[in-house]
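Here the structure is laid out as structure tokens; the discussion comes afterwards.
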Amino acid sequence: MPLVIAMLLLCAPAWATLWTDRLGDFERQNAIPYALPNLHLAQEYGVEAAERAEYKAGSRRFTATAYQTADSTGATALYQSLQPAGAKPSEFETKAVEEAFALASVEAHSTTVVQYQNYVMVFENDRPTWQVVKDYLGYAPNLGISTPPPLPGYLPKENRVPGTERYILGPESLNLYLPDVPAGVAAFSLGAEGQVAEYEADGNRLKLAILSYPTPQLARKKLEEYRSLGNPVLKRDGTLIVFVASPSNRDFAERVVSQIRYRAAVTMNEKLTSPAEEFRQLIINIVIMVAILILLAAVAGVAFGGLRFLRRRGSSADSDDFLRLRID
């Protein structure tokens with residue numbers, strides 16, 4: 001048993017890393033834990049682990065940062081917050097669409113941001129190929145699968161400014177991305193979530209916010225509180241409240257708001273294990289099974305020996321269970 005425990009303790013640190021030793025032709029040079037500058041935002045988005053590593057293949061080199069969150073909603077929020085200004089869909093997203101891979105990715109200059117389920121990856125300088133990204137997702141420990149949040153799908157595409165999408169999950173992100181709405185009005189304790197993005201046309205720019213509540217009744221009740229915030233353009237549809245705070249051009253705001261229609265959605269949460277995670281779990285199960293068999297064998301041996309000792313002690317020396325042939 002001490003040997004089994006020692007094996008598990010020795011293997012645990014190696015399994016905790018987010019980045020593998022190799023990514024295709026790239027070899028990992030180093031890896032260190034990493035933390036978002038805004039720790040309150042990281043906590044709000046459910047960041048559970050983060051690691052930054054450098055990879056090199058010949059003269060090519062890139063820096064990769066991986067974030068593991070509690071679920072895909074937190075990963076979506078983090079992914080949007082890490083998008084650089086002017087971000088546009090990257091080639092990774094195009095490849096993912098071709099292979100029916102539910103992955104989101106944007107790039108700007110030398111930075112590429114990728115989000116898949118509860119993982120967000122940021123590649124800086126050079127970047128790996130699409131095949132390497134897929135190989136990494138096959139390695140990623142504690143990869144979870146769940147339905148992505150529906151709010152980003154409500155954002156109209158027409159006139160949307162790229163890279164301005166931001167997801168709101170609590171007071172910290174609300175203060176950063178939608179300061180016109182007090183936290184008491186948003187009421188995150190009631191299960192509210194929000195999605196914001198900026199729109200621009202003919203020199204007019206506005207910030208659109210979509211806030212979701214658990215029930216239509218609650219959204220209807222909160223609508224009056226939003227109405228008291230200045231002179232907004234407001235709309236309630238199902239569980240959604242669509243909000244534009246004091247737009248400079250109300251006609252433009254009305255056109256954007258009118259494009260949003262509520263659609264009922266069913267969400268699910270399910271744990272997905274990668275092949276590497278399945279192999280690790282298999283090894284753990286084998287070690288546990290061997291330990292249990294050793295323990296059972298030891299208990300059976302002690303019990304058998306003890307019973308024979310007690311039987312011999314309670315009988316005469318001549319009464320032996322063994323058959324003697326006496327052929328000498």
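Every chain in the structure tokens takes a letter, A first, then B, and so on in the order presented; its residues are numbered from 1, and the ligands are numbered from 1 following the presented order.
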
Excluding Ser228 (chain A) and residues on its chain fewer than 6 positions from it, collect all residues at most 12 Å away from it, counting only C-alpha atoms, and give them as a compact mmCIF listing (two decimals) with C-alpha atoms, in the first residue's frame.
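Final output, out.txt:
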```txt
# COMPACT_ATOMS: atom_id res chain seq x y z
CA ASP A 180 -24.73 52.41 -16.90
CA VAL A 181 -26.57 49.62 -15.07
CA PRO A 182 -26.17 49.33 -11.26
CA VAL A 185 -30.83 46.63 -10.97
CA LYS A 222 -37.18 44.19 -13.76
CA LEU A 234 -35.84 49.19 -24.01
CA PHE A 243 -31.17 47.78 -23.31
CA ALA A 245 -28.54 53.52 -22.56
CA SER A 246 -29.38 57.04 -23.85
```

TODO: Please identify which residues in region 115-306 of chain A DSSP calls alpha helix (DSSP H) from the backbone, and express them as an MDAnalysis selection string.
DONE: chainID A and resid 130:139 171:177 183:186 216:227 250:257 275:306

Output for the residues just chosen: C-alpha atoms as a PDB file, in the first residue's frame:
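Result went into part_13.pdb, see below:
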```pdb
ATOM      1  CA  TRP A 130      -5.137  23.569 -36.914  1.00  0.00           C
ATOM      2  CA  GLN A 131      -4.103  19.916 -36.529  1.00  0.00           C
ATOM      3  CA  VAL A 132      -1.893  20.823 -33.572  1.00  0.00           C
ATOM      4  CA  VAL A 133      -4.789  22.654 -31.919  1.00  0.00           C
ATOM      5  CA  LYS A 134      -6.991  19.590 -32.335  1.00  0.00           C
ATOM      6  CA  ASP A 135      -4.258  17.364 -30.903  1.00  0.00           C
ATOM      7  CA  TYR A 136      -3.991  19.630 -27.872  1.00  0.00           C
ATOM      8  CA  LEU A 137      -7.736  19.503 -27.255  1.00  0.00           C
ATOM      9  CA  GLY A 138      -7.404  15.711 -27.247  1.00  0.00           C
ATOM     10  CA  TYR A 139      -4.862  16.086 -24.433  1.00  0.00           C
ATOM     11  CA  PRO A 171     -20.855  42.893 -10.616  1.00  0.00           C
ATOM     12  CA  GLU A 172     -17.187  43.002 -11.687  1.00  0.00           C
ATOM     13  CA  SER A 173     -17.840  42.444 -15.397  1.00  0.00           C
ATOM     14  CA  LEU A 174     -20.941  44.673 -15.187  1.00  0.00           C
ATOM     15  CA  ASN A 175     -18.840  47.553 -13.841  1.00  0.00           C
ATOM     16  CA  LEU A 176     -16.260  47.017 -16.581  1.00  0.00           C
ATOM     17  CA  TYR A 177     -18.516  46.572 -19.595  1.00  0.00           C
ATOM     18  CA  ALA A 183     -25.584  45.848  -9.877  1.00  0.00           C
ATOM     19  CA  GLY A 184     -28.761  46.161  -7.812  1.00  0.00           C
ATOM     20  CA  VAL A 185     -30.827  46.631 -10.966  1.00  0.00           C
ATOM     21  CA  ALA A 186     -29.137  43.763 -12.825  1.00  0.00           C
ATOM     22  CA  PRO A 216     -40.472  36.004 -18.206  1.00  0.00           C
ATOM     23  CA  GLN A 217     -42.282  37.189 -15.074  1.00  0.00           C
ATOM     24  CA  LEU A 218     -39.017  38.258 -13.463  1.00  0.00           C
ATOM     25  CA  ALA A 219     -37.882  40.015 -16.645  1.00  0.00           C
ATOM     26  CA  ARG A 220     -41.194  41.885 -16.794  1.00  0.00           C
ATOM     27  CA  LYS A 221     -40.773  42.979 -13.176  1.00  0.00           C
ATOM     28  CA  LYS A 222     -37.182  44.189 -13.760  1.00  0.00           C
ATOM     29  CA  LEU A 223     -38.197  46.142 -16.870  1.00  0.00           C
ATOM     30  CA  GLU A 224     -39.515  49.055 -14.801  1.00  0.00           C
ATOM     31  CA  GLU A 225     -36.181  49.397 -13.006  1.00  0.00           C
ATOM     32  CA  TYR A 226     -34.320  49.603 -16.335  1.00  0.00           C
ATOM     33  CA  ARG A 227     -36.810  52.183 -17.560  1.00  0.00           C
ATOM     34  CA  ARG A 250     -32.680  56.591 -31.272  1.00  0.00           C
ATOM     35  CA  ASP A 251     -33.692  55.513 -34.767  1.00  0.00           C
ATOM     36  CA  PHE A 252     -30.462  53.551 -35.153  1.00  0.00           C
ATOM     37  CA  ALA A 253     -30.918  52.069 -31.656  1.00  0.00           C
ATOM     38  CA  GLU A 254     -34.487  51.022 -32.445  1.00  0.00           C
ATOM     39  CA  ARG A 255     -33.355  49.286 -35.646  1.00  0.00           C
ATOM     40  CA  VAL A 256     -30.714  47.290 -33.773  1.00  0.00           C
ATOM     41  CA  VAL A 257     -33.013  46.408 -30.876  1.00  0.00           C
ATOM     42  CA  PRO A 275      -8.306  10.209 -24.529  1.00  0.00           C
ATOM     43  CA  ALA A 276      -5.390  11.243 -22.302  1.00  0.00           C
ATOM     44  CA  GLU A 277      -7.741  11.710 -19.353  1.00  0.00           C
ATOM     45  CA  GLU A 278      -9.317   8.301 -20.000  1.00  0.00           C
ATOM     46  CA  PHE A 279      -5.854   6.677 -20.040  1.00  0.00           C
ATOM     47  CA  ARG A 280      -4.915   8.385 -16.760  1.00  0.00           C
ATOM     48  CA  GLN A 281      -8.169   7.201 -15.201  1.00  0.00           C
ATOM     49  CA  LEU A 282      -7.511   3.677 -16.457  1.00  0.00           C
ATOM     50  CA  ILE A 283      -4.077   3.634 -14.772  1.00  0.00           C
ATOM     51  CA  ILE A 284      -5.589   4.908 -11.520  1.00  0.00           C
ATOM     52  CA  ASN A 285      -8.308   2.251 -11.620  1.00  0.00           C
ATOM     53  CA  ILE A 286      -5.714  -0.496 -12.247  1.00  0.00           C
ATOM     54  CA  VAL A 287      -3.588   0.682  -9.309  1.00  0.00           C
ATOM     55  CA  ILE A 288      -6.645   0.816  -7.039  1.00  0.00           C
ATOM     56  CA  MET A 289      -7.768  -2.663  -8.141  1.00  0.00           C
ATOM     57  CA  VAL A 290      -4.304  -4.152  -7.504  1.00  0.00           C
ATOM     58  CA  ALA A 291      -4.214  -2.522  -4.061  1.00  0.00           C
ATOM     59  CA  ILE A 292      -7.640  -3.950  -3.203  1.00  0.00           C
ATOM     60  CA  LEU A 293      -6.616  -7.453  -4.372  1.00  0.00           C
ATOM     61  CA  ILE A 294      -3.429  -7.300  -2.277  1.00  0.00           C
ATOM     62  CA  LEU A 295      -5.441  -6.207   0.744  1.00  0.00           C
ATOM     63  CA  LEU A 296      -8.017  -8.983   0.246  1.00  0.00           C
ATOM     64  CA  ALA A 297      -5.253 -11.586  -0.163  1.00  0.00           C
ATOM     65  CA  ALA A 298      -3.570 -10.414   3.036  1.00  0.00           C
ATOM     66  CA  VAL A 299      -6.845 -10.505   4.988  1.00  0.00           C
ATOM     67  CA  ALA A 300      -7.669 -13.988   3.625  1.00  0.00           C
ATOM     68  CA  GLY A 301      -4.182 -15.271   4.498  1.00  0.00           C
ATOM     69  CA  VAL A 302      -4.347 -13.933   8.058  1.00  0.00           C
ATOM     70  CA  ALA A 303      -7.858 -15.339   8.526  1.00  0.00           C
ATOM     71  CA  PHE A 304      -6.910 -18.800   7.198  1.00  0.00           C
ATOM     72  CA  GLY A 305      -3.740 -18.967   9.269  1.00  0.00           C
ATOM     73  CA  GLY A 306      -5.537 -17.764  12.377  1.00  0.00           C
TER      74      GLY A 306
END
```

TODO: Work out how far CA of Ala192 (chain A) is from CA of Val120 (chain A), in Å to one decimal.
DONE: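 So the answer is 23.1 Å.
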
Please, which residues in region 96-117 of chain A fall within 9 Å of region 81-85 of chain A when counting only C-alpha atoms, and what is the closest atom pair and distance in Å to one decimal for each, ordered by chain then residue number, as a Markdown table?
```
| residue | atom | partner | partner_atom | distance |
| --- | --- | --- | --- | --- |
| A:Val106 | CA | A:Gln83 | CA | 7.2 |
| A:Glu107 | CA | A:Pro84 | CA | 7.6 |
| A:Ala108 | CA | A:Pro84 | CA | 6.3 |
| A:His109 | CA | A:Pro84 | CA | 8.8 |
| A:Thr111 | CA | A:Pro84 | CA | 7.7 |
| A:Thr112 | CA | A:Gln83 | CA | 8.4 |
| A:Val113 | CA | A:Gln83 | CA | 6.7 |
```

- [ ] Skip Gly74 (chain A) itself and residues of its chain fewer than 2 positions away, then list as number ranges by chain all residues within 12 Å of it, counting only C-alpha atoms.
- [x] A: 41-48, 67-72, 76-81, 115-120, 144, 146-149, 166-170, 173, 193

Output C-alpha atoms of each residue in that selection to a file, as a PDB file, in the first residue's frame.
```
ATOM      1  CA  LEU A  41     -12.929  38.976 -12.899  1.00  0.00           C
ATOM      2  CA  ALA A  42     -11.143  35.608 -13.027  1.00  0.00           C
ATOM      3  CA  GLN A  43     -13.113  34.444 -10.001  1.00  0.00           C
ATOM      4  CA  GLU A  44     -16.373  35.692 -11.506  1.00  0.00           C
ATOM      5  CA  TYR A  45     -15.683  33.817 -14.749  1.00  0.00           C
ATOM      6  CA  GLY A  46     -14.815  30.624 -12.862  1.00  0.00           C
ATOM      7  CA  VAL A  47     -11.160  30.289 -13.898  1.00  0.00           C
ATOM      8  CA  GLU A  48      -9.911  27.136 -12.171  1.00  0.00           C
ATOM      9  CA  TYR A  67      -7.240  28.811 -19.149  1.00  0.00           C
ATOM     10  CA  GLN A  68      -9.471  26.105 -17.733  1.00  0.00           C
ATOM     11  CA  THR A  69     -12.845  27.297 -16.436  1.00  0.00           C
ATOM     12  CA  ALA A  70     -15.691  25.615 -14.612  1.00  0.00           C
ATOM     13  CA  ASP A  71     -17.978  25.531 -17.663  1.00  0.00           C
ATOM     14  CA  SER A  72     -18.437  26.810 -21.201  1.00  0.00           C
ATOM     15  CA  THR A  76     -17.210  32.211 -23.370  1.00  0.00           C
ATOM     16  CA  ALA A  77     -17.041  35.227 -21.073  1.00  0.00           C
ATOM     17  CA  LEU A  78     -13.276  34.903 -20.698  1.00  0.00           C
ATOM     18  CA  TYR A  79     -12.799  34.370 -24.434  1.00  0.00           C
ATOM     19  CA  GLN A  80     -14.668  37.581 -25.231  1.00  0.00           C
ATOM     20  CA  SER A  81     -12.752  39.575 -22.611  1.00  0.00           C
ATOM     21  CA  GLN A 115     -12.260  28.851 -27.140  1.00  0.00           C
ATOM     22  CA  TYR A 116     -13.564  25.291 -26.951  1.00  0.00           C
ATOM     23  CA  GLN A 117     -15.979  24.177 -24.248  1.00  0.00           C
ATOM     24  CA  ASN A 118     -14.400  25.116 -20.871  1.00  0.00           C
ATOM     25  CA  TYR A 119     -10.969  25.966 -22.348  1.00  0.00           C
ATOM     26  CA  VAL A 120      -9.576  29.246 -23.676  1.00  0.00           C
ATOM     27  CA  GLY A 144     -15.929  19.452 -19.981  1.00  0.00           C
ATOM     28  CA  SER A 146     -21.914  21.654 -22.039  1.00  0.00           C
ATOM     29  CA  THR A 147     -24.268  23.661 -24.182  1.00  0.00           C
ATOM     30  CA  PRO A 148     -22.769  27.109 -24.845  1.00  0.00           C
ATOM     31  CA  PRO A 149     -24.671  30.126 -23.483  1.00  0.00           C
ATOM     32  CA  ARG A 166     -18.337  41.114 -23.758  1.00  0.00           C
ATOM     33  CA  TYR A 167     -20.185  38.679 -21.499  1.00  0.00           C
ATOM     34  CA  ILE A 168     -21.420  39.715 -18.060  1.00  0.00           C
ATOM     35  CA  LEU A 169     -21.708  37.246 -15.193  1.00  0.00           C
ATOM     36  CA  GLY A 170     -21.504  39.461 -12.107  1.00  0.00           C
ATOM     37  CA  SER A 173     -17.840  42.444 -15.397  1.00  0.00           C
ATOM     38  CA  GLU A 193     -26.539  37.105 -17.203  1.00  0.00           C
TER      39      GLU A 193
END
```

Open item on the list: One number please: CA of Pro179 (chain A) to CA of Pro156 (chain A), in Å, one decimal.
Closed with: 21.8 Å

TODO: Based on DSSP run over this structure's backbone, return all residues of region 79-189 of chain A in strand (DSSP E), as a ChimeraX atom specification.
DONE: /A:88-89,104-108,111-116,119-125,144-146,166-168

Would you write out those residues with C-alpha atoms, as a PDB file, in the first residue's frame?
```pdb
ATOM      1  CA  LYS A  88     -11.719  38.944 -36.699  1.00  0.00           C
ATOM      2  CA  PRO A  89     -12.529  35.242 -37.160  1.00  0.00           C
ATOM      3  CA  ALA A 104     -14.619  29.814 -31.683  1.00  0.00           C
ATOM      4  CA  SER A 105     -11.452  31.676 -32.654  1.00  0.00           C
ATOM      5  CA  VAL A 106     -10.423  35.223 -33.515  1.00  0.00           C
ATOM      6  CA  GLU A 107      -7.128  36.823 -34.429  1.00  0.00           C
ATOM      7  CA  ALA A 108      -5.613  40.271 -34.622  1.00  0.00           C
ATOM      8  CA  THR A 111      -2.475  37.126 -31.370  1.00  0.00           C
ATOM      9  CA  THR A 112      -4.952  34.287 -31.800  1.00  0.00           C
ATOM     10  CA  VAL A 113      -7.595  33.451 -29.196  1.00  0.00           C
ATOM     11  CA  VAL A 114      -9.350  30.062 -29.255  1.00  0.00           C
ATOM     12  CA  GLN A 115     -12.260  28.851 -27.140  1.00  0.00           C
ATOM     13  CA  TYR A 116     -13.564  25.291 -26.951  1.00  0.00           C
ATOM     14  CA  TYR A 119     -10.969  25.966 -22.348  1.00  0.00           C
ATOM     15  CA  VAL A 120      -9.576  29.246 -23.676  1.00  0.00           C
ATOM     16  CA  MET A 121      -6.171  29.366 -25.385  1.00  0.00           C
ATOM     17  CA  VAL A 122      -4.184  32.433 -26.415  1.00  0.00           C
ATOM     18  CA  PHE A 123      -1.355  32.038 -28.956  1.00  0.00           C
ATOM     19  CA  GLU A 124       1.049  34.944 -29.386  1.00  0.00           C
ATOM     20  CA  ASN A 125       3.729  35.566 -32.015  1.00  0.00           C
ATOM     21  CA  GLY A 144     -15.929  19.452 -19.981  1.00  0.00           C
ATOM     22  CA  ILE A 145     -18.818  19.518 -22.430  1.00  0.00           C
ATOM     23  CA  SER A 146     -21.914  21.654 -22.039  1.00  0.00           C
ATOM     24  CA  ARG A 166     -18.337  41.114 -23.758  1.00  0.00           C
ATOM     25  CA  TYR A 167     -20.185  38.679 -21.499  1.00  0.00           C
ATOM     26  CA  ILE A 168     -21.420  39.715 -18.060  1.00  0.00           C
TER      27      ILE A 168
END
```

Task: Distance criterion (only C-alpha atoms): nearest to Val242 (chain A) out of A:Ala201, A:Leu155, A:Arg326, A:Gly230 - done: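 The closest residue to Val242 (chain A) is A:Leu155.
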
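Counting only C-alpha atoms and comparing A:Ala75, A:Leu39, A:Pro214, A:Ala197, the residue that lies closest to Leu143 (chain A) is A:Ala75.
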
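Note that the spacing between CA of Gly194 (chain A) and CA of Arg261 (chain A) amounts to 15.3 Å.
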
At a cut-off of 6 Å, using only C-alpha atoms, what residues contact region 22-26 of chain A? Leave out same-chain residues fewer than 3 positions from it and give the result as a short mmCIF file (atom, residue, chain, number, x, y, z; two decimals) with C-alpha atoms, in the first residue's frame.
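Writing done, so here's out-v7.cif:
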```
data_model
loop_
_atom_site.label_atom_id
_atom_site.label_comp_id
_atom_site.auth_asym_id
_atom_site.auth_seq_id
_atom_site.Cartn_x
_atom_site.Cartn_y
_atom_site.Cartn_z
CA TYR A 55 7.10 26.31 -27.59
CA LYS A 56 9.88 26.15 -30.15
CA ALA A 57 10.46 24.30 -33.42
CA VAL A 132 -1.89 20.82 -33.57
#
```

TODO: Tell me, as a PyMOL selection string, which residues lie within 8 Å of Glu54 (chain A), counting only C-alpha atoms; anything in the same chain fewer than 2 positions away does not count.
DONE: chain A and resi 28-31+52+56+61-64

Selection to disk with C-alpha atoms, as a tab-separated table (two decimals), in the first residue's frame:
```tsv
chain	number	residue	atom	x	y	z
A	28	ARG	CA	7.77	22.97	-24.83
A	29	GLN	CA	10.61	25.07	-23.45
A	30	ASN	CA	9.03	26.01	-20.12
A	31	ALA	CA	5.67	26.28	-18.39
A	52	ARG	CA	1.62	29.88	-19.82
A	56	LYS	CA	9.88	26.15	-30.15
A	61	ARG	CA	8.55	30.10	-31.47
A	62	PHE	CA	5.24	31.02	-29.86
A	63	THR	CA	3.84	31.68	-26.41
A	64	ALA	CA	0.67	29.83	-25.43
```

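You can rank A:Pro37, A:Pro247, A:Pro150, A:Pro162 by their closest distance to Val233 (chain A) using only C-alpha atoms, and at the top of that list sits A:Pro247.
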